[in-house]
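What's in data24.txt: compact mmCIF, C-alpha atoms
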# COMPACT_ATOMS: atom_id res chain seq x y z
CA MET A 1 97.66 112.45 -16.56
CA SER A 2 95.40 114.43 -14.23
CA GLU A 3 93.86 112.86 -11.16
CA GLY A 4 90.32 111.49 -11.39
CA GLU A 5 90.63 110.56 -15.05
CA PRO A 6 89.96 106.88 -15.65
CA THR A 7 93.12 104.91 -16.12
CA PRO A 8 93.34 102.95 -19.33
CA PRO A 9 93.06 99.19 -18.99
CA PRO A 10 96.40 97.45 -18.80
CA LEU A 11 97.63 96.30 -22.16
CA PRO A 12 98.04 92.59 -22.63
CA THR A 13 101.71 91.85 -22.37
CA GLN A 14 101.54 88.31 -23.71
CA ARG A 15 99.76 86.61 -26.54
CA PRO A 16 96.96 84.42 -25.18
CA GLN A 17 97.81 80.79 -24.68
CA ASP A 18 97.90 79.01 -28.03
CA PRO A 19 94.77 76.80 -28.18
CA TRP A 20 96.25 74.51 -30.86
CA PRO A 21 97.97 72.12 -28.35
CA ARG A 22 94.59 71.53 -26.68
CA PHE A 23 93.02 70.80 -30.06
CA VAL A 24 95.71 68.37 -31.25
CA PRO A 25 94.56 65.43 -29.02
CA VAL A 26 91.12 65.72 -30.65
CA LEU A 27 92.73 65.19 -34.05
CA TRP A 28 94.84 62.34 -32.68
CA LEU A 29 91.87 60.52 -31.21
CA MET A 30 89.83 60.94 -34.36
CA GLY A 31 92.78 59.91 -36.55
CA LEU A 32 93.53 56.77 -34.51
CA LEU A 33 89.88 55.68 -34.45
CA LEU A 34 89.63 56.18 -38.21
CA LEU A 35 92.88 54.26 -38.68
CA VAL A 36 91.52 51.26 -36.75
CA ASN A 37 88.30 51.35 -38.79
CA LEU A 38 90.27 51.57 -42.03
CA ALA A 39 92.65 48.77 -41.05
CA PHE A 40 89.64 46.57 -40.28
CA THR A 41 88.05 47.43 -43.63
CA VAL A 42 91.30 46.70 -45.48
CA TYR A 43 91.61 43.35 -43.67
CA VAL A 44 88.04 42.32 -44.56
CA GLN A 45 88.51 43.44 -48.16
CA ALA A 46 91.89 41.74 -48.59
CA THR A 47 90.93 38.42 -47.03
CA GLY A 48 87.20 38.36 -47.81
CA ASP A 49 86.88 36.95 -44.30
CA GLU A 50 84.05 38.53 -42.32
CA ASN A 51 84.79 36.49 -39.21
CA PRO A 52 83.69 38.42 -36.11
CA THR A 53 87.17 37.82 -34.65
CA GLY A 54 88.35 40.78 -36.74
CA ASP A 55 85.51 42.83 -35.28
CA CYS A 56 86.66 41.78 -31.78
CA VAL A 57 90.21 42.92 -32.45
CA ALA A 58 89.07 46.26 -33.93
CA THR A 59 86.69 46.89 -31.02
CA SER A 60 89.42 46.08 -28.48
CA ALA A 61 91.86 48.42 -30.22
CA MET A 62 89.28 51.21 -30.28
CA ALA A 63 88.45 50.63 -26.62
CA ALA A 64 92.13 50.83 -25.65
CA ILE A 65 92.58 54.09 -27.60
CA VAL A 66 89.45 55.66 -26.13
CA LEU A 67 90.37 54.68 -22.57
CA ALA A 68 93.91 56.02 -22.98
CA PHE A 69 92.58 59.41 -24.11
CA ALA A 70 89.79 59.44 -21.53
CA ALA A 71 92.37 58.86 -18.79
CA ARG A 72 93.88 62.24 -19.69
CA GLU A 73 90.52 63.93 -19.21
CA ARG A 74 89.42 61.73 -16.28
CA HIS A 75 88.80 64.65 -13.92
CA SER A 76 85.94 65.86 -16.05
CA ILE A 77 84.77 62.50 -17.45
CA LEU A 78 84.54 60.48 -14.21
CA PRO A 79 81.90 62.74 -12.59
CA ALA A 80 79.73 62.14 -15.67
CA PHE A 81 79.29 58.51 -14.58
CA GLN A 82 77.41 59.33 -11.37
CA LEU A 83 73.88 57.96 -11.41
CA ASN A 84 72.46 59.61 -8.30
CA ASN A 85 72.63 63.12 -9.79
CA LEU A 86 70.04 62.25 -12.41
CA THR A 87 66.48 63.46 -11.88
CA TRP A 88 63.16 62.21 -13.31
CA ARG A 89 63.36 65.07 -15.78
CA ASP A 90 66.70 63.73 -17.06
CA TRP A 91 65.21 60.25 -17.56
CA ALA A 92 62.25 61.79 -19.40
CA LEU A 93 64.70 63.61 -21.67
CA THR A 94 66.51 60.31 -22.24
CA VAL A 95 63.32 58.63 -23.42
CA ALA A 96 62.44 61.63 -25.61
CA THR A 97 65.91 61.58 -27.19
CA PHE A 98 65.60 57.89 -27.97
CA VAL A 99 62.20 58.44 -29.61
CA ALA A 100 63.57 61.36 -31.65
CA ILE A 101 66.62 59.35 -32.77
CA ALA A 102 64.54 56.29 -33.63
CA ALA A 103 62.01 58.31 -35.64
CA SER A 104 64.55 60.36 -37.61
CA THR A 105 66.93 57.47 -38.31
CA GLU A 106 64.16 55.07 -39.30
CA ALA A 107 62.80 57.68 -41.71
CA TRP A 108 66.26 58.19 -43.21
CA PHE A 109 66.94 54.44 -43.54
CA PHE A 110 63.53 53.97 -45.13
CA LEU A 111 64.43 56.53 -47.80
CA ALA A 112 67.96 55.16 -48.22
CA THR A 113 66.73 51.61 -48.94
CA TYR A 114 65.33 52.88 -52.26
CA VAL A 115 68.90 53.47 -53.45
CA PHE A 116 71.29 51.54 -51.21
CA ASP A 117 71.55 47.94 -50.09
CA THR A 118 70.88 47.09 -46.48
CA ILE A 119 73.92 46.00 -44.46
CA GLU A 120 73.25 42.86 -42.46
CA MET A 121 75.30 43.14 -39.31
CA LEU A 122 74.27 39.77 -37.89
CA GLN A 123 75.16 37.77 -40.99
CA PRO A 124 78.88 37.25 -40.13
CA PHE A 125 77.86 36.07 -36.65
CA ARG A 126 75.37 33.59 -38.15
CA ASP A 127 77.83 32.38 -40.79
CA HIS A 128 80.55 31.63 -38.24
CA GLY A 129 78.24 30.18 -35.60
CA TRP A 130 78.82 32.88 -33.00
CA PRO A 131 76.16 33.16 -30.27
CA ALA A 132 73.63 35.99 -30.16
CA TRP A 133 75.12 37.45 -26.96
CA SER A 134 78.46 38.02 -28.72
CA ALA A 135 76.66 40.17 -31.32
CA VAL A 136 74.99 42.09 -28.49
CA VAL A 137 78.36 42.72 -26.81
CA LEU A 138 80.16 43.75 -30.02
CA ILE A 139 77.40 45.75 -31.71
CA VAL A 140 75.31 47.06 -28.82
CA VAL A 141 77.37 47.37 -25.64
CA CYS A 142 80.92 48.20 -26.78
CA PRO A 143 80.05 50.98 -29.27
CA ALA A 144 77.55 52.47 -26.81
CA VAL A 145 80.14 52.62 -24.03
CA PHE A 146 83.33 53.54 -25.89
CA GLU A 147 81.89 55.86 -28.54
CA GLU A 148 80.07 57.78 -25.82
CA ILE A 149 83.24 58.09 -23.73
CA ALA A 150 85.13 59.23 -26.83
CA PHE A 151 82.64 61.68 -28.33
CA ARG A 152 80.32 62.87 -25.57
CA GLY A 153 83.08 62.45 -22.98
CA PHE A 154 86.56 63.31 -24.21
CA LEU A 155 85.77 65.31 -27.35
CA LEU A 156 82.92 67.36 -25.92
CA GLU A 157 84.91 68.13 -22.75
CA ARG A 158 87.92 69.21 -24.81
CA LEU A 159 86.04 71.18 -27.41
CA THR A 160 83.58 73.09 -25.23
CA PRO A 161 86.17 75.47 -23.67
CA LEU A 162 87.77 75.96 -27.09
CA LEU A 163 84.69 76.43 -29.25
CA GLY A 164 81.76 77.12 -26.97
CA ARG A 165 78.84 74.75 -26.38
CA ARG A 166 77.04 75.13 -29.71
CA ASP A 167 80.07 74.71 -31.96
CA ALA A 168 81.50 71.90 -29.84
CA LEU A 169 78.18 70.08 -30.11
CA LEU A 170 78.11 70.48 -33.89
CA LEU A 171 81.73 69.42 -34.36
CA GLN A 172 81.49 66.29 -32.20
CA GLY A 173 78.27 65.34 -34.05
CA ALA A 174 80.01 65.72 -37.39
CA LEU A 175 83.07 63.75 -36.25
CA PHE A 176 80.83 61.00 -34.87
CA ALA A 177 79.11 60.72 -38.25
CA ILE A 178 82.42 60.74 -40.14
CA LEU A 179 83.80 57.91 -37.97
CA HIS A 180 81.14 55.59 -39.41
CA MET A 181 82.87 56.08 -42.79
CA SER A 182 79.78 55.94 -44.96
CA PRO A 183 78.31 58.93 -46.78
CA VAL A 184 74.94 57.15 -46.67
CA VAL A 185 74.67 57.20 -42.89
CA PHE A 186 76.33 60.61 -42.48
CA PRO A 187 73.08 62.62 -42.15
CA SER A 188 71.38 60.15 -39.80
CA HIS A 189 74.45 59.73 -37.59
CA PHE A 190 75.03 63.48 -37.51
CA VAL A 191 71.54 63.84 -36.06
CA ILE A 192 72.23 60.99 -33.59
CA GLY A 193 75.51 62.67 -32.56
CA LEU A 194 73.77 66.01 -32.04
CA ALA A 195 70.93 64.45 -30.04
CA LEU A 196 73.29 62.50 -27.79
CA GLY A 197 75.56 65.53 -27.33
CA TRP A 198 72.55 67.65 -26.40
CA LEU A 199 71.46 64.99 -23.92
CA ARG A 200 74.95 64.96 -22.39
CA LEU A 201 74.93 68.74 -21.98
CA ARG A 202 71.40 68.80 -20.56
CA THR A 203 71.83 65.95 -18.08
CA GLY A 204 75.53 66.41 -17.39
CA SER A 205 75.89 62.63 -17.46
CA LEU A 206 77.22 60.08 -19.91
CA LEU A 207 74.96 57.27 -18.68
CA PRO A 208 71.75 58.40 -20.44
CA CYS A 209 73.76 58.80 -23.67
CA MET A 210 75.12 55.27 -23.37
CA LEU A 211 71.65 53.96 -22.64
CA VAL A 212 70.08 55.67 -25.68
CA HIS A 213 72.98 54.67 -27.95
CA GLY A 214 72.80 51.05 -26.80
CA ALA A 215 69.01 50.98 -27.05
CA TRP A 216 69.16 52.25 -30.62
CA ASN A 217 71.80 49.67 -31.62
CA LEU A 218 69.71 46.95 -30.00
CA THR A 219 66.63 48.11 -31.93
CA VAL A 220 68.57 47.74 -35.18
CA LEU A 221 69.66 44.21 -34.24
CA LEU A 222 66.13 43.24 -33.20
CA GLN A 223 64.83 44.44 -36.56
CA GLU A 224 67.43 42.24 -38.19
CA GLY A 225 66.18 39.18 -36.32
CA LEU A 226 68.28 38.86 -33.20
CA TRP A 227 65.53 36.79 -31.52
CA SER A 228 65.59 34.17 -34.26
CA MET A 229 69.36 33.93 -33.86
CA ALA A 230 69.05 33.54 -30.10
CA MET B 1 110.54 121.50 -13.28
CA SER B 2 110.39 118.84 -10.59
CA ASP B 3 109.93 115.20 -11.43
CA ALA B 4 106.56 115.07 -9.70
CA ALA B 5 105.01 117.91 -11.71
CA PRO B 6 103.04 116.71 -14.68
CA ASN B 7 104.38 118.04 -17.95
CA PRO B 8 101.63 118.35 -20.58
CA ALA B 9 104.20 117.97 -23.31
CA VAL B 10 105.22 114.50 -22.20
CA THR B 11 101.90 113.24 -20.75
CA PRO B 12 101.08 109.99 -22.50
CA PRO B 13 98.14 110.44 -24.85
CA GLU B 14 94.82 108.64 -24.38
CA LEU B 15 95.23 105.12 -25.55
CA PRO B 16 93.40 104.55 -28.81
CA GLU B 17 90.80 101.82 -28.89
CA THR B 18 92.84 99.85 -31.36
CA MET B 19 95.82 99.61 -29.04
CA PRO B 20 95.28 96.02 -27.90
CA ARG B 21 94.97 94.99 -31.54
CA GLN B 22 98.35 96.58 -32.29
CA VAL B 23 99.90 94.63 -29.49
CA ARG B 24 98.27 91.48 -30.75
CA THR B 25 99.60 91.92 -34.24
CA ARG B 26 103.14 92.74 -33.12
CA GLY B 27 105.79 90.26 -34.15
CA ARG B 28 105.89 87.77 -36.96
CA GLY B 29 103.44 88.15 -39.81
CA ARG B 30 101.74 84.82 -39.36
CA TYR B 31 100.44 85.97 -35.97
CA SER B 32 98.68 89.02 -37.39
CA THR B 33 94.91 89.24 -37.35
CA LYS B 34 94.84 89.87 -41.09
CA SER B 35 96.93 86.78 -41.78
CA ARG B 36 94.67 84.65 -39.60
CA ALA B 37 91.54 85.95 -41.32
CA ASN B 38 93.13 85.26 -44.71
CA ASN B 39 94.04 81.70 -43.75
CA THR B 40 90.52 81.02 -42.51
CA ARG B 41 88.93 82.55 -45.62
CA ASN B 42 91.29 80.63 -47.91
CA ALA B 43 90.47 77.37 -46.15
CA ALA B 44 86.75 78.07 -46.60
CA ARG B 45 87.38 78.72 -50.31
CA TRP B 46 89.17 75.37 -50.53
CA VAL B 47 86.08 73.73 -49.09
CA LEU B 48 83.97 75.48 -51.72
CA ALA B 49 86.36 74.31 -54.44
CA ILE B 50 86.23 70.71 -53.16
CA GLY B 51 82.44 70.83 -53.20
CA ILE B 52 82.30 72.14 -56.77
CA ILE B 53 84.95 69.66 -58.01
CA GLN B 54 83.11 66.81 -56.29
CA ILE B 55 79.81 67.72 -57.94
CA VAL B 56 81.36 68.21 -61.40
CA PHE B 57 83.30 64.92 -61.19
CA GLY B 58 80.26 63.21 -59.71
CA ILE B 59 78.19 64.15 -62.74
CA PHE B 60 81.04 63.21 -65.12
CA LEU B 61 81.76 59.84 -63.45
CA GLY B 62 78.07 59.12 -63.08
CA PHE B 63 77.47 59.53 -66.81
CA ASN B 64 80.69 57.63 -67.59
CA ASN B 65 79.47 54.79 -65.38
CA ARG B 66 76.20 54.66 -67.31
CA SER B 67 78.04 53.51 -70.43
CA VAL B 68 79.87 50.84 -68.37
CA ALA B 69 76.53 49.73 -66.92
CA ALA B 70 75.04 49.55 -70.43
CA LYS B 71 77.88 47.24 -71.50
CA ALA B 72 77.34 45.03 -68.45
CA ARG B 73 73.62 44.79 -69.25
CA GLU B 74 74.53 43.82 -72.80
CA HIS B 75 76.74 40.98 -71.48
CA LEU B 76 73.85 39.78 -69.33
CA SER B 77 71.26 39.95 -72.11
CA PRO B 78 71.59 36.28 -73.23
CA PHE B 79 70.66 35.04 -69.72
CA ALA B 80 67.17 34.70 -68.30
CA ASP B 81 66.37 36.38 -64.96
CA ASP B 82 66.34 33.12 -62.97
CA GLU B 83 69.54 31.74 -64.51
CA VAL B 84 72.32 31.30 -61.89
CA LEU B 85 75.75 32.69 -62.82
CA GLN B 86 79.11 32.34 -61.09
CA LEU B 87 80.94 35.59 -60.39
CA GLU B 88 84.71 36.18 -60.48
CA ASN B 89 84.90 36.12 -56.67
CA GLY B 90 83.38 32.62 -56.61
CA LYS B 91 79.92 33.69 -55.40
CA THR B 92 76.78 32.80 -57.37
CA GLU B 93 73.97 35.17 -58.30
CA THR B 94 70.97 35.09 -60.60
CA ALA B 95 71.06 37.21 -63.76
CA GLY B 96 67.97 39.09 -62.54
CA ALA B 97 69.68 40.03 -59.26
CA LEU B 98 72.75 41.18 -61.18
CA ARG B 99 70.63 43.40 -63.45
CA LEU B 100 69.00 44.92 -60.37
CA ALA B 101 72.43 45.48 -58.79
CA ILE B 102 73.65 47.27 -61.94
CA ASP B 103 70.57 49.53 -61.92
CA ARG B 104 71.09 50.40 -58.26
CA GLU B 105 74.82 50.96 -58.66
CA GLU B 106 74.17 53.52 -61.38
CA VAL B 107 72.02 55.60 -59.04
CA GLN B 108 74.29 54.99 -56.01
CA LEU B 109 77.31 56.53 -57.72
CA PHE B 110 75.39 59.70 -58.57
CA VAL B 111 73.88 59.98 -55.10
CA VAL B 112 77.12 59.36 -53.18
CA LEU B 113 79.40 61.62 -55.24
CA ILE B 114 76.96 64.48 -55.65
CA GLY B 115 75.79 64.04 -52.04
CA LEU B 116 79.38 64.48 -50.85
CA GLY B 117 79.72 67.60 -52.99
CA VAL B 118 76.55 69.02 -51.47
CA MET B 119 77.91 68.24 -47.99
CA PHE B 120 81.10 70.21 -48.75
CA LEU B 121 79.03 73.11 -50.08
CA ALA B 122 76.96 73.06 -46.90
CA ILE B 123 80.17 73.06 -44.86
CA TYR B 124 81.40 76.08 -46.87
CA PHE B 125 78.30 78.07 -45.91
CA TRP B 126 78.68 76.89 -42.32
CA ALA B 127 82.36 78.00 -42.42
CA ARG B 128 81.25 81.53 -43.27
CA LYS B 129 79.29 81.66 -40.01
CA SER B 130 81.52 79.58 -37.70
CA PRO B 131 84.80 78.73 -39.37
CA LEU B 132 86.35 76.59 -36.67
CA PRO B 133 83.91 73.67 -36.35
CA ALA B 134 83.12 73.81 -40.05
CA LEU B 135 86.77 73.60 -41.13
CA GLY B 136 87.41 70.84 -38.58
CA THR B 137 84.50 68.88 -40.05
CA ALA B 138 85.70 69.54 -43.61
CA LEU B 139 89.19 68.31 -42.73
CA ALA B 140 87.92 65.11 -41.11
CA LEU B 141 85.45 64.45 -43.93
CA TYR B 142 88.02 65.08 -46.66
CA VAL B 143 90.64 62.80 -45.06
CA THR B 144 88.06 60.06 -44.44
CA VAL B 145 86.64 60.16 -47.97
CA HIS B 146 90.09 59.86 -49.52
CA ALA B 147 91.17 57.16 -47.06
CA VAL B 148 88.09 55.09 -47.90
CA ASP B 149 88.71 55.77 -51.59
CA ALA B 150 92.30 54.53 -51.19
CA VAL B 151 91.08 51.38 -49.45
CA ALA B 152 88.62 50.70 -52.26
CA ASP B 153 91.35 51.08 -54.88
CA PRO B 154 94.98 51.63 -53.71
CA ASN B 155 95.84 53.26 -57.08
CA ASN B 156 93.65 56.20 -56.02
CA ILE B 157 96.25 57.24 -53.41
CA TYR B 158 98.50 58.75 -56.11
CA ARG B 159 95.73 60.30 -58.20
CA GLY B 160 95.64 64.05 -57.56
CA MET B 161 98.20 63.65 -54.76
CA VAL B 162 99.41 67.29 -54.94
CA LEU B 163 95.88 68.65 -54.82
CA LYS B 164 95.04 66.42 -51.85
CA VAL B 165 98.14 67.53 -49.90
CA LEU B 166 97.52 71.22 -50.69
CA CYS B 167 93.93 70.90 -49.64
CA ILE B 168 94.77 69.21 -46.33
CA LEU B 169 97.48 71.80 -45.58
CA ALA B 170 95.08 74.67 -46.32
CA LEU B 171 92.42 73.14 -44.08
CA VAL B 172 94.90 72.55 -41.23
CA ARG B 173 96.13 76.15 -41.49
CA GLY B 174 92.53 77.34 -41.54
CA VAL B 175 91.69 75.39 -38.39
CA LYS B 176 94.82 76.70 -36.61
CA SER B 177 94.08 80.29 -37.56
CA ALA B 178 90.45 80.03 -36.57
CA LEU B 179 91.48 78.56 -33.21
CA GLN B 180 93.94 81.40 -32.55
CA GLN B 181 91.39 84.00 -33.62
CA ARG B 182 88.78 82.55 -31.32
CA ALA B 183 91.20 82.54 -28.38
CA LEU B 184 92.01 86.22 -29.02
CA ASN B 185 88.33 87.09 -29.29
CA GLN B 186 87.64 85.33 -26.01
CA GLN B 187 90.49 87.28 -24.41
CA ASP B 188 89.05 90.55 -25.72
CA GLU B 189 85.61 89.70 -24.39
CA ALA B 190 87.08 88.83 -20.99
CA ALA B 191 89.05 92.11 -20.91
CA GLN B 192 85.94 94.11 -21.82
CA ALA B 193 83.90 92.32 -19.18
Turn the structure described in the file into C-alpha cells.
Amino acid sequence: MSEGEPTPPPLPTQRPQDPWPRFVPVLWLMGLLLLVNLAFTVYVQATGDENPTGDCVATSAMAAIVLAFAARERHSILPAFQLNNLTWRDWALTVATFVAIAASTEAWFFLATYVFDTIEMLQPFRDHGWPAWSAVVLIVVCPAVFEEIAFRGFLLERLTPLLGRRDALLLQGALFAILHMSPVVFPSHFVIGLALGWLRLRTGSLLPCMLVHGAWNLTVLLQEGLWSMA
Amino acid sequence: MSDAAPNPAVTPPELPETMPRQVRTRGRGRYSTKSRANNTRNAARWVLAIGIIQIVFGIFLGFNNRSVAAKAREHLSPFADDEVLQLENGKTETAGALRLAIDREEVQLFVVLIGLGVMFLAIYFWARKSPLPALGTALALYVTVHAVDAVADPNNIYRGMVLKVLCILALVRGVKSALQQRALNQQDEAAQA
C-alpha cells in the first residue's frame, strides 16, 4: 500500500461481549417477584384467608429479593439516595409527576369501575382488627421503597446500558405494570411506571420516585377511608 | 525484488465496507446476522399470533359465557331482588346483587380477553420498531397471564402446553437475538465514531 493512503480501520478480532448475561438478572428478579406474588395469590385462594399476615410474609420476601439484587448494583443505586443533590426544579418535577399520575390513574379507575369491581385493600385489615398504621406500612411505605429500588433502581440501571434510555424506560414501565398481575390496571400502572422512570432519569435520584409512589398509594388508601379506620 | 519493495501483485486490496460484517458472521450459524434477524422477526410473529388467538378465543369464550350466564339468570328467576341466598362458599348475597354480578362478569370476560389480545397486537407493532423491549414485555406478559390462569384453575396448566412452551422458547430466542444484534450495532456505531 502506498504511503499517505488512509489505513483501513482495524478489523474487530473478537465478537462483542455477549449482553445476555447482563440481561439474565433482570429476568431473575422479575421472575422471583412474580413467583412471590403468585404464591401469595395461591395461598389466599386455597385458604380463603385474607389475613394481612400473608401480606406481611409476601412483602418481606419481596423486600429480601429486591435488596439482594440491589446489593449487586449498589455502586450505581446508592448514589441515587442522596438528598442534597436535588434542586428546587427537581422537587417541582416531583409534584408535577404526582399530579400527572393522580389525574391519569383516577381517570382510568373511573372508567374501569363501569365494568370491574373495586378492590378494597383496607378490608382485610379491618376484618382482622389490624391498626391503620400497619396498612400504611404494608400498602404505602414498603411498595414505595422496594418497588422503586427494584424497578427505577436495579432494572433501570441494568437496562439503560443494554437498551438505551428510551427503551429501558419503556421496558421497566411494562414490567412494573405486569408485576401487578391484573390486566385491568396494566394501562394505568404502565403510565405510572413510565412517569416514575422519567422522574428518576430527570432527577437522578430515587427519593422523589419513592415519595410520589408512596403519596399515590396513600391517596388510594385515604379514598378508601383510612381516616375512619384510624 | 527486495522484501521492502511493494509488489502491486500482492498488495492487499482496499477493504470492502462489508468486511466487519463478514467477520461478525464468521463461525456458527446461530451467530450470523441473518439468523439473529430471523429469530427476532419470528418472535414478533409469535406475538402477533398470540394477539390474534387471544382475540378470537376471547370472542368465542365471551359468547360461550353468555349462554352460561343466561342459565344462571334462569336459576335466579324465582327469587326476588332483596331475597338473601347462601352461596356454595358459605357467603350470603341477595339475588339482585347476584344478577348484577352475572351482568358484570359477562362484560368483564370480553373486556379482559380481548383487551389482552389488543395489548399483544400493540406489542407486535412496537416489536417492529424496537424488538428488544417489546419482546421482553411480551415474554413477561405471556408468562404472567398463563401463571395467573394456572392459579385460577390448575387444570389450565396442561391445556395447550406445547403451544405455550413453543411460544416462550420463541420469545426467549427473540430477546437473545435482539440483544446480540443491539450489542453489535452499538459496536459498529462506536467504531464509526
Restricting the calculation to all atoms listed in the file: of A:Trp198, A:Phe190, A:Phe109, A:Phe154, which residue gets closest to Ser76 (chain A)?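 Of A:Trp198, A:Phe190, A:Phe109, A:Phe154, the one nearest Ser76 (chain A) is A:Phe154, counting all atoms listed in the file.
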CA of Pro21 (chain A) and CA of Arg74 (chain A), how far apart in Å? 18.1 Å
Leu218 (chain A) surroundings by all atoms listed in the file, 8 Å radius, close-in-sequence under 2 positions cut, as an MDAnalysis selection string: chainID A and resid 136 139:140 214:216 220:222
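Relative to CA of His180 (chain A), CA of Val151 (chain B) is found at 14.7 Å.
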Excluding region 165-177 of chain B and any residue of its chain fewer than 5 positions from it, enumerate the residues within 8 Å of it, using all atoms listed in the file, and give them as a PyMOL selection string. (chain A and resi 20) or (chain B and resi 36-37+39-44+46+131-132+135-136+138-139+142-143)
